[in-house]
Each structure stands twice: as structure tokens, then as C-alpha cells.
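Everything below concerns the one structure shown next.
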Amino acid sequence: MKFQKTLLGAAIAGTLASGSMAGEVEVLHWWTSGGEAAAIAVLRDMVEEEGHTWTDFSVAGGAGENAMTVLRARAVSGNPPASAQIKGLEIQEWGDLGFLASLDDVAAANGWDDFLPEEVASVMKYNGEYVAVPVNVHRVNWMWINPEVLASAGASVPTTLDELWETADQLQEAGYTAIAHGGQAWQDATIFESLVLATGGPELYSRAFVDHDEDALTSDAMREAFTHLRRVTEYLDQGAPGRDWDQATSMVIRGEAGMQFMGDWAKGEFTAAGLTAGEDYLCVAFPGTEGTFTHNVDSLAMFEQRTEANREAQQTMARLVLSSDFQETFNQNKGSIPVRLDHDMSTFDECAQASMETFLATSQSGEGLVPSMAHGMSTTSSIQGAIYDVVTAYFNSTSMTEDQAVNRLAAAVRAAR
Amino acid sequence: MTQSPPLSEPTRAVRKVHKPSLGDRLAEQIPRLVVSPTMLIAVVFIYGFMIWTVVLSFSTSRILPRYEFIGWQNYQRLFGNERWMVALTNLGIYGVLFVVICLAIGLLLAILLDQKIRAEGFLRTVYLYPMALSFIVTGTVWKWLLNPSVGIQRFGRELGFENFRFDWLVSSDMSIYTVVIAAVWQSSGFVMALFLAGLRGVDDSIIKAAQIDGASRITVYTRIIIPSLRPVFFSAIIMLAHIAIKSFDLALALTGGGPGYSSDLPAIFMYQFSFTRGQMGVGAASAVIMLMGVMAILIPYLYSELRVKKDDR
């Protein structure tokens, strides 16, 4: 009993000694694979160095589905974690439910508005206030190429859609799988959004996937994108349906396939295989989308906290996430680029530098920087799901026509609103 | 059901004389006390949540439950959804084929095993063993077997049949049948066990009498033994049917609902809409439809069960 009292006293004294500063941040995330886990551990160390406690709350699996289920349960029971890996329009959905805390003080003190591109900042804000902090930027409209395979088939790197089919034909004649792909709904949608960007340009892309404008959804460019999508299926191998994206990437690495259309997280696979960008593999913009940038920004949304100490810890973490140190190490590990426009890119590889260049150019001109539909940046999960359904049904069907596809797309989007 | 059994006469007689002691009263209440926590848990977590789901299916719930009611809109949306219709059609195909094929194979295996053969115990275990695996394992193994680039198709081609094709897994039209194959492989041994138990229960003297009357072996089976297995058929169908409606893990592991959503099943649809697509209302509506499907099978079953009991009395 006496011992317990002493302990309690010590605890109180300890709390008082460190002032109101020492709080706890509980972070729900699904950065659990090797490189990702190492990347987030950096943040943990930085937070702990500031004297706060970090409680890791990682839920693996299902591309975050499992984590989201846990988060909902916690939120409903009135005990959400301090921060959770939520991105894109889902931030707005959580904002609508009234769970999120404002970060405006940290944002103002650290001048976030100065170095964050407006396009990204607007995603992080709910009702004009920062409620989430961006961690990294992925570019989705990339094409990954094995140059040896292309050379042995006598093909050149395509820059337009016409050239793409030419290259694909040459690869197929030479006996390669032209396009490495995994037939999962999100991967089908990833190719589809790049095709829309190529056929319709960023303006039509935004009208269709951000504003969900019916005319844009049923436009000729959309039809054309579907036609091209059907063409993609001609160049796949039979094992494609259901394959995971990293297996498709390793087909390119092993030289079985010529190219893959995938976001820059694929780079991690190439790096892990010990390959060098620009030599052993090439990263080029998806044909016809050069100078545009489909962004996929991971972010940590902040939940309303009960105690002042925890709020303090939460704000500290938000500040650290956007610090140059963290941005540098995290993105080196993750394959993405820093979200800060003022970041020095000299230590990054060729692909990341090219990515940053386009990111800078598009965010300064305000043209060509578009949110990724396939990765939940432009639509709510329900509309995104509705688009997935139509795209993947078309991709796997031999009988659905382009007209049917655009009509079903428009109808599905209308129904999911 | 919950009433305690009537006290026997002598106890009652004693009671008239003495006031019941505390111990007696406690003893009387103990069965109820012991059963009540389970009862309470069942009521809250099964029936309570069923009612909650029904309530949610009429609400505007999206990523979290929300209690603004919109009537039948979620059901309209559900039945206007192409994917749900595909899932329902698939459930029809899968459910019927799964039940029928399982019964046929199970019965055949049971009859063959019942021929007083050697090593029956061993063979029985072999056929029953797939049931020891979880559906996830079954799904993963069959995914590899059926994958055209690594499985049976490749094996056939390597044997020299260059044009051998078995690509159901990657074909939108045929993928649901691969789920049937895997499910039948897993469950027919179990059905066999049920039938075998039934066969052992058939009275030998009837069969012998029939044989003396000159009935052929086939006649004995078709006219006497199989008809007498009626109750076994009944329980097997009920068990298989609700395994079919609940099917989720097998299809998810085997085809992932794909290619596209061609092998989608209602349970997968429900999970995705409720938990990953932020359409809890529509997801709840689909769950209610599934519940009604299960009830459509269970109610006739319960009804006939209870009626049989009454007849027995």
C-alpha cells in the first residue's frame, strides 16, 4: 500500500516535472511491410525524442480495410486513436462526422501554406481548416519498363498510345508477355484512369472523376479510353486474373514481361531486387500523359483528443511529419516523393527526381496535377467502388460495348452518390 | 423450453408440510440462473444485432451508423445494382450445384463404403479429411491447381496435350463453377459420413426380407434403403444450404470474387459495401436479404421438425 502510494506520487511528480508537455500519440496505420515499417519507425523515434510517448497501432492487411474496420469500432465507442492513416476524400467523410481536430495553429506556425501545393492542401482541409497532415506523394501514371526486353524485341519506349500498341505488338511477336498486370479491380482502375488522362486530358479527367459530370462520363474520350482498355487485355498472360501487383512487377524484373503500368510504389520492388533506375529499369510517364501528374497522397488525419497533453503530442507529431528530416527518410524508404515543394531532391534517384520535377511544374502552373480516382483521392469510397465495378466488369467481359460501359459508368456513379 | 421439469409427487407432498428452505428454492432456480447468461448473450448478440441490422438497412448510414430513415431506398439501390444481381445469380448456381453434387457424391461414396469392404475405416478418414481444412486453405490450394499457368492446364500440356484447356478460373463465365468444384471437394466427405451413419441405421431384417422376396440389389437400394434415408437427406440439405448462403472465405481465397466480379457472392458483396465502400445502409440491406434466404430454408425445417415431434407423442 505504502509502496503504491509512493509509486503514485512518483508518477504525479514525473508528470508535473515534464509539465503539460508529455502526452501520448496513438497512431493507427497499415505501413507494416519491411520498408514501410522502417519508414514509420523514423517518425516514432522523432516523436519520442520530443518527450512524448508513441503507441503503435498497426493493423496489417487488406490495403487498410482491416484498419478502417478497427478505426470505425474505436470511433463509435468514443475512443478514437490520436491519428489514423486516412487519405483523400475519406478525410472529408470523417470531418462530416465531427471527429477531426484542427491543426491550424501548427500549420500557421510552420508555414504549411507556403510549401504545400494548393491541390494537396485542399485535400487536407475540412471547412478550410487543416485536419490532416500529408506524408508523401505517389505518382500513379507511371510505366515501368525492362529495357533489355524492349531491346531484344526491337521495340522502342512508347510516348503515345499509338506507339504503345506498336511496342506491345513487337513484344508479343518476340514471345514476351507485353504487359504485366494483375487482374484486380484496383489495378484495372489504375490503368483506366491513366487511359482517361491520355485520351481526355486533365480537364476532362477532373470533370469526370472529381465533379462526376454526366456529359464527361459519357463523352467520346471516355469511350475511347474504354476501347484502349479492351486492347490492354489482348497483351496479358493467362495468369493475370487475381495476381498481386508486386508479382506483376517481378515479371518485369525477371524479363518475362516488357512493361507494367503502376504507381511509383513499384519502385520499391525494383530497388529490393538490386536494380538501378535508368539502367536496369526505366520509369517513364504513361504514354500520352507526359507533363501530367496523378497524385496519391498518404496522410495522417488527426482525431479530437480528450486531454491537453495528448493534444500537445498530436500537434508535435503533425509538425514532425512535415519536417525535412522525416520527409527525406520516409520517402527514400517508401519510393514516393516528399510533399514539400521546397525539398532538396539531390539524394533521390532518377525516377523520384523526374517525379518531383513534374510535381513542381504541374502544381505551379495549376494544370495537369490531378487526384487519382483509383486510389481514393478524387472520390468517396462509394463512388470509387461503383467506378471499379464497371471498369473491372468491362475489363473482364468480351461482350460489353463501349457505349454500354459509359452508360453503366454514369448510372453507377449517379446511384452511388 | 425454459421451464424446469415438474417436481415429482413425493417432493410436493413434503412441501405441503415444510416451508421450502432457501436451499430448495435456490436449487429450483439454478437451471434458470445457469442458462440465463447464455440466453442473454444470445438475445443481445444474435437477435439484438439482427434487429440492429434491419434498422440500419432503412437508414442513411454510410461509413458509420446513422439514424436518419429513408424507407426502402437502400433496397431499391441494392436491386438496381448490377453486381448484386450477379451475386444473387451466382448464389443460385453455386447453391443448387453445391447441394445436389454433394448429395450425389456423398450418397455414392457412402453406398460404396457400405459394401463391407476392407480398410473401410481408412478410406472413410481419407474422404472425411478435407473437412478438417478451413475453406481458406481449400481455396488457396484449388487456386493453384486451377490456375492455367501453374496448375492442371499446364500439367496437361506438359504431358503432351498441347491444346489442353482448363481455364475456368480466369474466365468470367466459368469462374463460379470453380467455387463449386472446391466446395464439393471439401464437403462431400462430410455428407458421406452422414449417409453412412444413416445406412448403418437401416434395419437389416427388412433388407433380408426383400432379398428373400427376390428383389435385386438395385431395387433394394432404390425402393427401400434410399427412401428410408429421407431424414438424412433433409438434414444434409439444410446444412449444405446454409453453408452455401454464408459462403465467403472460399470464394474470396479462390477467385477473390473475380475475374471482375463474375464470381461474387452475396456475403462478399455485403462485406465490401458495409466495410470498405462506406455504404453501410446498402450493405445492411443485403444482409437482411441473406437473412431472409436463410429463414426461407430454416422455417420449413423447424416446422417439420416440430410437427414430427408432436406426431411422436
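In the C-alpha cells, the first chain shown is A, the next is B, and so on; residue numbers restart at 1 for each chain, and ligands run from 1 in the order shown.
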Just need the residues of chain B within 8 Å of chain A, counting only C-alpha atoms, so spit them out as a PyMOL selection string. chain B and resi 63-64+77+81+83+147-149+170+172+255-256+258-262+273+275-279
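The list of residues with at least one atom within 8 Å of segment 325-331 of chain A, based on only C-alpha atoms and without residues fewer than 5 positions apart in the same chain, reads Ala39, Ile40, Val42, Leu43, Val135, Asn136, Leu320, Ser336, Ile337, Pro338, Val339 and Arg340 of chain A.
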Save the residues we just selected, N, CA, C and O atoms, as a PDB file, in the first residue's frame?
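Once everything was written out, this is part-v8.pdb:
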```
ATOM      1  N   ALA A  39      10.166   3.001 -42.370  1.00  0.00           N
ATOM      2  CA  ALA A  39       9.897   4.412 -42.629  1.00  0.00           C
ATOM      3  C   ALA A  39       9.119   5.051 -41.482  1.00  0.00           C
ATOM      4  O   ALA A  39       9.439   6.158 -41.035  1.00  0.00           O
ATOM      5  N   ILE A  40       8.113   4.340 -40.974  1.00  0.00           N
ATOM      6  CA  ILE A  40       7.278   4.939 -39.929  1.00  0.00           C
ATOM      7  C   ILE A  40       8.005   4.898 -38.579  1.00  0.00           C
ATOM      8  O   ILE A  40       7.758   5.750 -37.711  1.00  0.00           O
ATOM      9  N   VAL A  42      10.882   5.827 -38.086  1.00  0.00           N
ATOM     10  CA  VAL A  42      11.620   7.082 -38.003  1.00  0.00           C
ATOM     11  C   VAL A  42      10.780   8.139 -37.289  1.00  0.00           C
ATOM     12  O   VAL A  42      11.262   8.872 -36.420  1.00  0.00           O
ATOM     13  N   LEU A  43       9.502   8.170 -37.640  1.00  0.00           N
ATOM     14  CA  LEU A  43       8.611   9.149 -37.007  1.00  0.00           C
ATOM     15  C   LEU A  43       8.464   8.852 -35.518  1.00  0.00           C
ATOM     16  O   LEU A  43       8.470   9.758 -34.683  1.00  0.00           O
ATOM     17  N   VAL A 135       1.858  12.950 -45.834  1.00  0.00           N
ATOM     18  CA  VAL A 135       3.102  12.268 -45.514  1.00  0.00           C
ATOM     19  C   VAL A 135       4.002  12.157 -46.741  1.00  0.00           C
ATOM     20  O   VAL A 135       5.201  12.330 -46.661  1.00  0.00           O
ATOM     21  N   ASN A 136       3.399  11.842 -47.851  1.00  0.00           N
ATOM     22  CA  ASN A 136       4.192  11.650 -49.068  1.00  0.00           C
ATOM     23  C   ASN A 136       3.313  11.845 -50.299  1.00  0.00           C
ATOM     24  O   ASN A 136       2.105  11.979 -50.184  1.00  0.00           O
ATOM     25  N   LEU A 320       6.295  17.328 -36.947  1.00  0.00           N
ATOM     26  CA  LEU A 320       7.428  16.483 -37.318  1.00  0.00           C
ATOM     27  C   LEU A 320       7.231  15.806 -38.672  1.00  0.00           C
ATOM     28  O   LEU A 320       8.186  15.607 -39.425  1.00  0.00           O
ATOM     29  N   SER A 336       8.221   7.073 -52.699  1.00  0.00           N
ATOM     30  CA  SER A 336       7.433   8.239 -53.103  1.00  0.00           C
ATOM     31  C   SER A 336       8.313   9.488 -53.063  1.00  0.00           C
ATOM     32  O   SER A 336       9.510   9.398 -52.834  1.00  0.00           O
ATOM     33  N   ILE A 337       7.708  10.660 -53.257  1.00  0.00           N
ATOM     34  CA  ILE A 337       8.480  11.890 -53.146  1.00  0.00           C
ATOM     35  C   ILE A 337       7.937  12.738 -52.000  1.00  0.00           C
ATOM     36  O   ILE A 337       6.775  12.588 -51.613  1.00  0.00           O
ATOM     37  N   PRO A 338       8.781  13.630 -51.445  1.00  0.00           N
ATOM     38  CA  PRO A 338       8.313  14.496 -50.364  1.00  0.00           C
ATOM     39  C   PRO A 338       7.184  15.400 -50.844  1.00  0.00           C
ATOM     40  O   PRO A 338       7.134  15.755 -52.020  1.00  0.00           O
ATOM     41  N   VAL A 339       6.346  15.765 -49.910  1.00  0.00           N
ATOM     42  CA  VAL A 339       5.201  16.596 -50.276  1.00  0.00           C
ATOM     43  C   VAL A 339       5.577  18.076 -50.246  1.00  0.00           C
ATOM     44  O   VAL A 339       4.869  18.927 -50.768  1.00  0.00           O
ATOM     45  N   ARG A 340       6.743  18.371 -49.675  1.00  0.00           N
ATOM     46  CA  ARG A 340       7.208  19.768 -49.606  1.00  0.00           C
ATOM     47  C   ARG A 340       7.797  20.180 -50.937  1.00  0.00           C
ATOM     48  O   ARG A 340       8.714  19.560 -51.450  1.00  0.00           O
TER      49      ARG A 340
END
```
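Minimum atom-to-atom distances from A:Glu357, A:Gly51, A:Leu150, A:Ile253 to Gly274 of chain A were compared using only C-alpha atoms, and the lowest value belongs to A:Ile253.
Atom pair atom CA of Lys87 of chain A / atom CA of Asp264 of chain A has a distance of 17.2 Å (rounded to one decimal).
Surrounding segment 98-106 of chain B within 6 Å are Tyr94, Val180, Val184, Ser188, Val191, Met192 and Leu240 of chain B, with only C-alpha atoms counted and residues fewer than 4 positions along the same chain left out.
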